[in-house]
Each structure stands twice: as structure tokens, then as C-alpha cells.
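Novice: Structure in C-alpha cells, see below.
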Protein chains: 2
Amino acid sequence: MPTISDVAKRSGLSKSTVSRVLNNYPHVSEEKKERVQKAMAELEYTPNPSARKMRGALTTTIGVVVTRIVNPFFSYLVNAIEQVAYEQGYQVVVFQSNEDQEKELSFLQLMQHKQLDGIIMASIENDEEVIETYLAYGPIVFVNEYIQHMNTVPSVRINHIAAAYEGVMHLLNQGHRRIAYCTGGLFEQQGQSDDRNIGYKKALAEKGIEVDPQFVFVNKHTIEDGESVGRAIFQMKEQPTAVFTGSDEVAAGVIAAAHELNQRVPEDLAVVGFDDQPIAKITYPKLTTIKQPVDDMGRLAANLMIEALNGTTPTENETVLETKFVERDTT
Amino acid sequence: MPTISDVAKRSGLSKSTVSRVLNNYPHVSEEKKERVQKAMAELEYTPNPSARKMRGALTTTIGVVVTRIVNPFFSYLVNAIEQVAYEQGYQVVVFQSNEDQEKELSFLQLMQHKQLDGIIMASIENDEEVIETYLAYGPIVFVNEYIQHMNTVPSVRINHIAAAYEGVMHLLNQGHRRIAYCTGGLFEQQGQSDDRNIGYKKALAEKGIEVDPQFVFVNKHTIEDGESVGRAIFQMKEQPTAVFTGSDEVAAGVIAAAHELNQRVPEDLAVVGFDDQPIAKITYPKLTTIKQPVDDMGRLAANLMIEALNGTTPTENETVLETKFVERDTT
DNA sequence: CTGAAAGCGCTTACAG
DNA sequence: CTGAAAGCGCTTACAG
């Protein structure tokens with residue numbers, strides 16, 4: 001591997017000068033600049049990133065934390081972030097926390113030694129106080145998740161309350177009164193994860209309907225989870241006539257369970273998904289769902305990060321994107 | 001950030017000694033070792049990875065190249081690799097090539113400056129000669145894809161020929177004679193990507209059936225691709241009665257098209273997928289497919305890589321895993 | 001505009 | 001068993 005000294009020797013100039021053209025330092029004469037560039041090309045020289053980092057230079061690497069990359073929502077989000085980052089000359093490295101606080105912490109730590117310039121968090125396991133500590137080492141951007149009232153970190157997200165409200169209200173307007181509800185989190189909790197719950201409760205309350213605890217399913221994420229929810233529903237004495245799920249995958253599982261038990265969707269059970277992933281179009285019937293602008297979210301988060309890295313103070317500290325109710329055939 | 005000098009000062013020893021305990025160097029007295037460890041703990045010292053890399057030390061980072069992370073096959077593969085790597089103290093960073101040679105090349109280059117210890121390639125865009133060059137900088141392992149007769153790089157894969165043969169033969173045995181075929185690649189080409197084509201042709205040949213070029217769809221990857229394939233099939237004068245697809249996603253798209261056009265699966269068109277991804281269970285009817293042992297593939301590839309990094313010559317240079325034909329309701 | 005020198009935080013012969 | 005010193009490949013004041 002050729003080093004900066006090799007380039008200096010070959011061009012007959014000093015390492016300082018080579019370094020200056022490498023970093024687009026303004027005051028280098030055109031002539032020497034060309035000599036250096038010629039030498040770099042001939043030697044196929046590429047700077048050693050480790051050496052640069054040690055000098056405190058930027059790494060042009062952005063970290064993205066997600067819970068699980070096999071979740072399509074996250075893989076599409078990462079994809080969008082990567083697109084923007086790549087255009088701007090940044091590399092992105094993806095970290096799976098698996099909802100493990102310790103793991104997430106170890107990723108945050110990578111900023112300390114300049115292995116990462118900044119971190120985009122699409123999931124949050126640690127507390128506000130902990131995360132705040134790492135702000136000293138580089139910018140952090142929240143996307144998808146956020147922490148309420150924490151304005152030291154810019155966030156990009158959707159209005160979960162409104163999205164859930166809209167979905168549930170759609171079912172109510174269709175005449176449904178017994179509406180089951182699935183969430184990936186818990187039903188009684190604090191912070192952002194409670195937003196969809198609030199939307200559900202709000203819609204019900206407006207119609208004077210009380211929440212039936214039996215109809216609430218917590219901690220549901222996968223197709224399998226959805227299947228078991230479906231089976232549970234169809235076994236109930238007083239069955240719900242509709243279910244609002246937290247993700248297209250759970251919804252797809254519910255529909256699969258309906259087929260299994262020879263129940264009709266939407267006649268016996270209406271189903272609303274969340275996300276509008278590709279699978280929403282291959283369930284049968286096709287899934288009514290709430291479209292998240294996942295590409296926009298990723299792109300905006302990436303842009304916010306790059307702005308922060310360039311020292312620009314972000315114009316928006318809290319970007320809330322619109323969701324879109326997509327009516328298909330399961331309602 | 002505390003440095004090695006801080007630890008040396010605090011423990012009253014030299015940097016050399018600190019470095020030795022850091023690297024588990026054998027000849028350090030128990031007493032000094034403890035003093036160093038105490039100082040490290042008190043200072044919350046963590047070594048600077050950039051400085052270590054510059055000295056040529058391992059980075060304990062493994063790169064994984066895939067075409068697109070939004071492809072579930074790849075996200076599950078990455079997930080499995082990461083699990084093993086994490087247990088062994090390695091970090092993995094994922095690279096999307098988007099089937100771009102240049103991009104892939106830039107990832108390979110990261111080994112040159114020790115940013116990456118080794119690379120697991122789940123997709124291959126560059127030629128054998130190019131890839132071979134980078135072997136000088138670190139180990140490479142192929143998983144999923146491979147290059148025929150290239151025995152300088154260990155590979156983990158399935159027998160694509162046998163898998164496709166089995167799927168097509170299943171249809172033939174059911175009496176189908178007009179069997180369409182979708183591939184993610186081309187139909188006439190060389191190397192590994194041709195393997196499934198060979199299996200298809202072989203099965204047909206055994207029954208004395210000629211390939212109908214009209215029935216061959218190339219370059220199909222997504223659900224949307226599958227839908228257009230389905231529409232094309234149902235428009236044909238002499239329709240195929242079955243289709244063997246290259247992925248569950250394409251198969252799901254075909255099924256969606258069938259629903260749209262009021263055609264029955266499998267009565268009007270039998271469908272076989274490939275991969276056995278989660279979506280295979282939520283199509284209606286449930287998808288008959290070929291299960292790839294994606295977790296095993298990922299785990300084995302990761303283990304091969306770690307062995308290579310530890311200087312062990314791998315026992316197997318070419319690991320071929322079994323696929324499993326999973327009959328559900330679309331055939 | 002250009003170069004010599006110091007230093008980033010480590011590791012590793014070389015002595016002892 | 002332990003330490004002083006050199007060096008990995010860069011960047012950046014400091015002079016000129």
C-alpha cells in the first residue's frame with residue numbers, strides 16, 4: 001500500500017503539500033496540485049482511514065440503529081438512509097440492537113473514538129439521560145421513534161396518534177363496535193410508544209365505547225403473533241368484528257388464521273394493518289392499511305444528520321410526516 | 001477520552017506494560033496486571049480502535065456484501081451471520097451493492113487499509129480475477145453465490161440444480177406439461193447463476209418435453225415482477241398450467257395476479273416458490289416452495305470466516321447444504 | 001504558497 | 001518480567 005510519503009517522494013514535494021491537496025486546502029499552487037494528483041493516480045494511492053481518524057478527522061461513516069433488520073419496515077428505512085448517505089459520500093453501518101440496552105450502548109460508544117461521525121436511531125432502548133451523554137461525541141438523530149420533550153435531538157416521525165385514530169375511526173364509521181387492537185408494545189405505558197394506544201382510545205371514546213381489555217393484544221410483532229391473535233379472536237364468545245393491528249405482518253397473520261378457520265375477511269372480521277409494506281398487496285383479500293412514508297422518513301433523517309455533521313443547525317427540530325390511510329379489501 | 005498513557009500514569013507503569021495486559025501478552029506479573037486493570041476500570045478506559053488498526057492489528061470487523069438488504073433472504077442471512085459474529089466478538093457491517101460492480105469493488109477495498117478483517121460475499125458482481133486480487137488483504141468467503149471452479153475461496157451454498165429439479169419434477173409428476181419458469185438472472189448464461197436453469201431443463205428433458213421460450217421469464221425479482229408475469233401468463237393463448245418461480249416474492253405476485261383475474265390457484269395455475277420466507281405462509285392458498293436453510297448458511301459462512309481469521313485452514317472448501325421441498329396448497 | 005517537525009494512541013522489537 | 005524508543009500514516013500549527 002502506498003502511503004502519503006510515497007506520494008510526496010514521487011511528486012518531489014512534502015507530505016504537508018500532499019496532505020493539503022488531499023483535503024482541498026485552498027492555498028496550493030495549481031502546478032504542484034497537479035503534480036500531486038498525478039503521483040496519486042500513478043501509485044493508485046488511497047489514504048488510510050485509520051490514520052485520518054486518529055488525527056480526529058471525520059470518518060464519513062454514519063451508524064443506524066434498528067431493533068431487527070429482518071423487519072421490512074427497518075430494512076426499507078435503512079435502504080432510504082443509505083441512498084442519501086451514499087450520494088453525499090457517507091458510508092452507513094447498520095446495527096441491530098435486538099432491543100438490548102447494552103448492545104445499543106456499545107454502538108453509541110463507537111462515536112467516542114470517532115469510529116462513527118453520528119448515529120441515527122430508529123429504535124431507542126436507553127433513557128434520555130444516557131443518550132444525552134453521547135451527544136458530546138457526535139450528533140444523534142431520531143427517526144421513527146422519539147423521546148417526548150427531548151429537544152436536544154432532532155426527530156423525524158409520523159403522528160402515531162392521528163394514524164391510529166384514523167384507522168380505528170374508519171372501522172367505527174363502517175359500523176363496527178367491537179374492535180380489537182394489537183400493539184407491538186404495551187397498552188399502559190409512557191412516551192411515544194403509547195401514542196397509537198391513545199389514538200385507539202380516543203376514537204373509541206368519541207363514539208362512547210369503552211375499551212374491552214379482552215380485545216387488547218400486547219407485544220405482537222410477527223406473522224406468527226398475528227396467527228395466534230386470529231385464533232384467539234375466533235374462539236371468543238363475543239367476538240370482535242374488526243381488528244386494528246400494529247403492523248402489516250401481524251395483520252397478515254390474522255388473515256391467515258381466518259382462512260384456516262374458514263372465516264371470511266372482512267365479513268366475519270375486518271382487518272386494518274400498519275406500514276403498507278409490500279406484503280399488504282399479497283394477502284387475500286388485499287390489506288387495508290396505513291401507509292408510513294418510510295422512504296421520506298429515511299431520506300429526511302439522513303439529511304438532518306448530514307446537516308448536523310456539516311455544522312448547520314437543523315431548521316426543523318421535530319419533523320412530523322403524514323401517514324395515508326389506504327383502503328383495500330379487508331375492511 | 002483516557003488514553004493508554006493515562007492508564008500508564010495512574011498505574012505507575014509503562015505504556016508497554018499496559019499494552020501487554022491489554023493484549024493478553026503472557027509474561028506479565030500478576031501484581032502489575034491487576035494494577036493495570038484497576039487503573040483501566042477507574043478511568044473507564046477503552047482502547048482507540050483507529051490507533052490499533054494503524055499498527056496493523058485486527059479490526060474484528062467482518063463485512064457482508066448483499067445486493068439489496070430489503071430482500072428478505074438477505075436480511076435473514078445477514079441476521080444469522082451477525083448472531084455468530086457477535087458471539088465471537090466480531091462486528092459485522094453490511095454493504096449493499098445494488099448489483100453495481102464499482103460499489104462492490106469499493107467494499108473489497110476496505111480490506112486494504114484494514115478497515116475490515118474479511119468479507120463474506122452473498123452476491124458477486126466482479127470477476128474471479130478481480131476478487132482474487134483482494135485475497136492478499138484478507139479472507140473472503142462466498143455464501144449463497146459462488147464462482148465455479150474457484151477454489152481459492154471457500155463457499156457455502158445449496159445445490160441449486162437439484163432444488164430446481166425437484167420443484168419442477170414435482171409439477172411434472174402431478175401431470176403438468178406446460179410449466180413456465182421465472183429466474184432472477186438470465187436463461188442462457190454461465191456459472192452458478194445458470195444452475196437452476198439446468199435443473200429446470202433437466203427435469204423437462206427427462207420427460208421428453210422441450211423448453212418453450214415463451215414460458216421463460218428472466219430478470220424477475222419482486223412482487224410486482226410476479227404480478228406482471230401472472231398477467232402475461234393468463235393472457236397467453238396456450239397457457240402454462242404451472243409456474244416455477246425463483247423466489248417466494250415473485251410467486252406471491254403471480255398469485256395476486258391470479259386473484260385479480262379471477263383465476264384459481266392451483267386449479268388454473270399451480271405455483272412453486274423458492275426460499276420459504278415468512279410470506280410463503282400468508283399467500284392464499286399457502287405457497288408450495290423450496291426451503292433454503294438460510295440460517296445454517298449464514299452461521300456456517302460466519303464460522304468459516306472466523307476460522308480463516310484465526311489462521312485455521314477451513315476443513316471444507318465447498319459446503320453444499322440441503323434444500324427441502326415444502327408442499328403446501330399452491331400445487 | 002511550502003516544508004520540517006510534532007503529535008494523534010497505539011504496538012513491538014530491542015535492551016536489560 | 002519491564003521500560004524507553006521508534007514507528008504506523010496521517011494532519012496541523014509554526015516558520016518562512
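Following the order of the C-alpha cells, first chain is A, next is B, and so on, with residues numbered from 1 inside each chain and ligands from 1 in the order they appear.
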Using only C-alpha atoms (C1' of nucleotides), which protein or nucleic acid residues come within 12 Å of DA15 (chain D)? Drop anything in the same chain fewer than 6 positions from it, and give the result as a PyMOL selection string.
Specialist: chain C and resi 2-5
Novice: I need the alpha helix (DSSP H) residues of region 164-257 of chain B per DSSP on the backbone, written as a PyMOL selection string.
Specialist: chain B and resi 164-173+195-206+223-235+248-257
Novice: Among region 77-163 of chain A, which residues does DSSP mark as strand (DSSP E or B) when it is run on the backbone? Keep the chain and numbering as in the structure and answer as a ChimeraX atom specification.
Specialist: /A:91-96,118-121,140-143,155-158
Novice: Considering only C-alpha atoms (C1' of nucleotides), extract the chain B residues located within 12 Å of chain C and return them as a list in words.
Specialist: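 Interface list for chain B against chain C: Met1, Pro2, Thr3, Ile4, Ser5, Asp6, Lys15, Ser16, Thr17, Val18, Ser19, Arg20, Leu22, Asn23, Tyr25, Thr46, Pro47, Asn48, Pro49, Ser50, Ala51, Arg52, Lys53, Met54, Arg55, Gly56 and Ala57 of chain B.
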Novice: Tell me the residues of chain A close to chain B, meaning within 9 Å using only C-alpha atoms, as a short mmCIF file (atom, residue, chain, number, x, y, z; two decimals) with N, CA, C and O atoms, in the first residue's frame.
Specialist:
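File produced: part-v6.cif:
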```cif
data_model
loop_
_atom_site.label_atom_id
_atom_site.label_comp_id
_atom_site.auth_asym_id
_atom_site.auth_seq_id
_atom_site.Cartn_x
_atom_site.Cartn_y
_atom_site.Cartn_z
N MET A 1 0.82 -1.21 0.00
CA MET A 1 0.00 0.00 0.00
C MET A 1 0.86 1.26 0.00
O MET A 1 1.66 1.46 0.91
N THR A 46 -4.58 5.58 -1.99
CA THR A 46 -5.80 5.92 -1.25
C THR A 46 -5.40 6.14 0.20
O THR A 46 -4.62 5.36 0.75
N PRO A 47 -5.88 7.20 0.81
CA PRO A 47 -5.47 7.50 2.18
C PRO A 47 -5.94 6.43 3.16
O PRO A 47 -6.97 5.80 2.95
N ASN A 48 -5.18 6.23 4.17
CA ASN A 48 -5.52 5.27 5.20
C ASN A 48 -6.52 5.88 6.18
O ASN A 48 -6.18 6.79 6.93
N PRO A 49 -7.73 5.35 6.19
CA PRO A 49 -8.77 5.94 7.05
C PRO A 49 -8.41 5.91 8.53
O PRO A 49 -8.75 6.83 9.27
N SER A 50 -7.73 4.88 8.95
CA SER A 50 -7.39 4.80 10.37
C SER A 50 -6.49 5.94 10.78
O SER A 50 -6.66 6.55 11.85
N ALA A 51 -5.53 6.23 9.94
CA ALA A 51 -4.60 7.32 10.26
C ALA A 51 -5.34 8.65 10.32
O ALA A 51 -5.09 9.48 11.20
N ARG A 52 -6.28 8.81 9.41
CA ARG A 52 -7.04 10.06 9.40
C ARG A 52 -7.90 10.18 10.66
O ARG A 52 -7.98 11.25 11.27
N LYS A 53 -8.52 9.08 11.00
CA LYS A 53 -9.38 9.13 12.18
C LYS A 53 -8.56 9.47 13.42
O LYS A 53 -9.01 10.19 14.30
N MET A 54 -7.36 8.93 13.46
CA MET A 54 -6.55 9.16 14.64
C MET A 54 -6.23 10.63 14.82
O MET A 54 -6.00 11.11 15.91
N ARG A 68 -34.40 -4.82 14.59
CA ARG A 68 -34.12 -6.02 13.80
C ARG A 68 -34.19 -5.71 12.32
O ARG A 68 -35.19 -5.20 11.84
N ILE A 69 -33.15 -6.07 11.62
CA ILE A 69 -33.09 -5.75 10.20
C ILE A 69 -34.06 -6.61 9.39
O ILE A 69 -34.43 -6.25 8.28
N VAL A 70 -34.48 -7.74 9.93
CA VAL A 70 -35.42 -8.58 9.19
C VAL A 70 -36.83 -8.00 9.19
O VAL A 70 -37.69 -8.48 8.47
N ASN A 71 -37.06 -6.99 9.99
CA ASN A 71 -38.33 -6.29 9.92
C ASN A 71 -38.30 -5.39 8.68
O ASN A 71 -37.49 -4.47 8.59
N PRO A 72 -39.20 -5.65 7.73
CA PRO A 72 -39.16 -4.90 6.46
C PRO A 72 -39.22 -3.39 6.64
O PRO A 72 -38.60 -2.65 5.90
N PHE A 74 -37.83 -1.63 8.83
CA PHE A 74 -36.46 -1.17 9.08
C PHE A 74 -35.56 -1.35 7.87
O PHE A 74 -34.72 -0.51 7.59
N SER A 75 -35.72 -2.43 7.15
CA SER A 75 -34.83 -2.61 6.02
C SER A 75 -35.10 -1.58 4.94
O SER A 75 -34.17 -1.08 4.31
N TYR A 76 -36.36 -1.20 4.77
CA TYR A 76 -36.65 -0.14 3.81
C TYR A 76 -36.15 1.22 4.31
O TYR A 76 -35.67 2.04 3.54
N VAL A 78 -33.56 1.74 6.32
CA VAL A 78 -32.11 1.72 6.16
C VAL A 78 -31.73 1.96 4.70
O VAL A 78 -30.81 2.73 4.40
N ASN A 79 -32.47 1.34 3.83
CA ASN A 79 -32.22 1.49 2.41
C ASN A 79 -32.31 2.96 1.98
O ASN A 79 -31.45 3.46 1.26
N GLU A 82 -29.42 4.97 3.39
CA GLU A 82 -28.18 4.65 2.70
C GLU A 82 -28.08 5.36 1.35
O GLU A 82 -27.02 5.83 0.95
N VAL A 92 -22.84 4.03 5.45
CA VAL A 92 -23.64 3.78 6.64
C VAL A 92 -23.44 2.37 7.14
O VAL A 92 -23.31 1.44 6.36
N VAL A 93 -23.36 2.24 8.44
CA VAL A 93 -23.28 0.90 9.01
C VAL A 93 -24.47 0.69 9.93
O VAL A 93 -24.87 1.58 10.67
N VAL A 94 -25.06 -0.48 9.78
CA VAL A 94 -26.31 -0.79 10.45
C VAL A 94 -26.07 -1.62 11.70
O VAL A 94 -25.27 -2.55 11.67
N PHE A 95 -26.74 -1.26 12.76
CA PHE A 95 -26.61 -2.03 13.99
C PHE A 95 -27.96 -2.55 14.45
O PHE A 95 -28.92 -1.80 14.50
N GLN A 96 -28.00 -3.81 14.79
CA GLN A 96 -29.22 -4.40 15.33
C GLN A 96 -29.11 -4.42 16.84
O GLN A 96 -28.20 -5.04 17.38
N GLN A 112 -17.37 7.68 20.43
CA GLN A 112 -16.35 8.22 21.31
C GLN A 112 -14.97 8.20 20.67
O GLN A 112 -14.18 9.09 20.84
N HIS A 113 -14.69 7.12 19.98
CA HIS A 113 -13.38 7.02 19.36
C HIS A 113 -13.42 7.38 17.89
O HIS A 113 -12.58 6.95 17.12
N LYS A 114 -14.46 8.11 17.50
CA LYS A 114 -14.55 8.59 16.13
C LYS A 114 -14.65 7.47 15.10
O LYS A 114 -14.20 7.62 13.97
N GLN A 115 -15.21 6.34 15.51
CA GLN A 115 -15.42 5.30 14.52
C GLN A 115 -16.65 5.65 13.69
O GLN A 115 -16.83 5.17 12.59
N ILE A 223 -45.77 -12.43 11.94
CA ILE A 223 -46.85 -13.15 11.30
C ILE A 223 -47.41 -14.20 12.26
O ILE A 223 -48.63 -14.35 12.41
N GLU A 249 -47.57 -7.25 9.10
CA GLU A 249 -47.23 -8.64 9.32
C GLU A 249 -48.22 -9.29 10.28
O GLU A 249 -48.68 -10.40 10.05
N ALA A 252 -51.40 -9.76 8.44
CA ALA A 252 -51.33 -10.89 7.51
C ALA A 252 -51.52 -12.21 8.26
O ALA A 252 -52.16 -13.14 7.77
N GLY A 253 -50.96 -12.26 9.46
CA GLY A 253 -51.12 -13.47 10.27
C GLY A 253 -52.57 -13.68 10.68
O GLY A 253 -53.07 -14.81 10.67
N ILE A 255 -55.18 -12.73 9.04
CA ILE A 255 -55.90 -13.16 7.85
C ILE A 255 -55.64 -14.64 7.56
O ILE A 255 -56.55 -15.40 7.21
N ALA A 256 -54.38 -15.04 7.74
CA ALA A 256 -54.05 -16.45 7.52
C ALA A 256 -54.85 -17.34 8.48
O ALA A 256 -55.35 -18.40 8.10
N HIS A 259 -58.40 -17.78 7.23
CA HIS A 259 -58.50 -18.79 6.18
C HIS A 259 -58.53 -20.19 6.78
O HIS A 259 -59.33 -21.04 6.41
N PRO A 278 -44.81 -4.21 1.19
CA PRO A 278 -45.16 -4.98 0.00
C PRO A 278 -46.16 -6.11 0.28
O PRO A 278 -47.02 -6.39 -0.54
N ILE A 279 -46.06 -6.73 1.44
CA ILE A 279 -46.97 -7.86 1.70
C ILE A 279 -48.42 -7.43 1.80
O ILE A 279 -49.32 -8.25 1.69
N LYS A 281 -50.06 -6.14 -0.30
CA LYS A 281 -50.70 -6.37 -1.59
C LYS A 281 -50.84 -7.84 -1.94
O LYS A 281 -51.41 -8.19 -2.97
N ILE A 282 -50.28 -8.70 -1.14
CA ILE A 282 -50.37 -10.11 -1.49
C ILE A 282 -51.19 -10.92 -0.51
O ILE A 282 -51.36 -12.12 -0.67
N THR A 283 -51.70 -10.28 0.53
CA THR A 283 -52.66 -11.01 1.35
C THR A 283 -53.92 -11.12 0.51
O THR A 283 -54.12 -10.38 -0.44
N TYR A 284 -54.79 -12.07 0.89
CA TYR A 284 -56.06 -12.19 0.18
C TYR A 284 -57.17 -12.23 1.19
O TYR A 284 -57.20 -13.13 2.01
N PRO A 285 -58.03 -11.25 1.19
CA PRO A 285 -58.07 -10.07 0.32
C PRO A 285 -56.90 -9.13 0.62
O PRO A 285 -56.25 -9.24 1.66
N LYS A 286 -56.68 -8.19 -0.29
CA LYS A 286 -55.61 -7.23 -0.11
C LYS A 286 -55.88 -6.37 1.11
O LYS A 286 -57.02 -6.02 1.41
#
```
Novice: Just give me the gap between CA of Asp127 (chain A) and CA of Glu145 (chain A) in Å, one decimal is fine.
Specialist: 12.7 Å
Novice: List the spatial neighbours of region 35-42 of chain A as a PyMOL selection string - criterion: any atom at most 7 Å away, only C-alpha atoms (C1' of nucleotides), same-chain residues fewer than 5 positions off excluded.
Specialist: chain A and resi 7+10-11+18
Novice: Kindly save the residues from that selection, with C-alpha atoms included, as a short mmCIF file (atom, residue, chain, number, x, y, z; two decimals), in the first residue's frame.
Specialist:
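Result file is result.cif:
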```cif
data_model
loop_
_atom_site.label_atom_id
_atom_site.label_comp_id
_atom_site.auth_asym_id
_atom_site.auth_seq_id
_atom_site.Cartn_x
_atom_site.Cartn_y
_atom_site.Cartn_z
CA VAL A 7 3.27 10.26 -3.00
CA ARG A 10 7.22 10.65 -6.33
CA SER A 11 5.94 14.19 -6.77
CA VAL A 18 0.25 16.27 -0.44
#
```
Novice: Which distance in Å separates CA of Thr60 (chain A) and CA of Leu309 (chain B), to one decimal?
Specialist: 26.6 Å
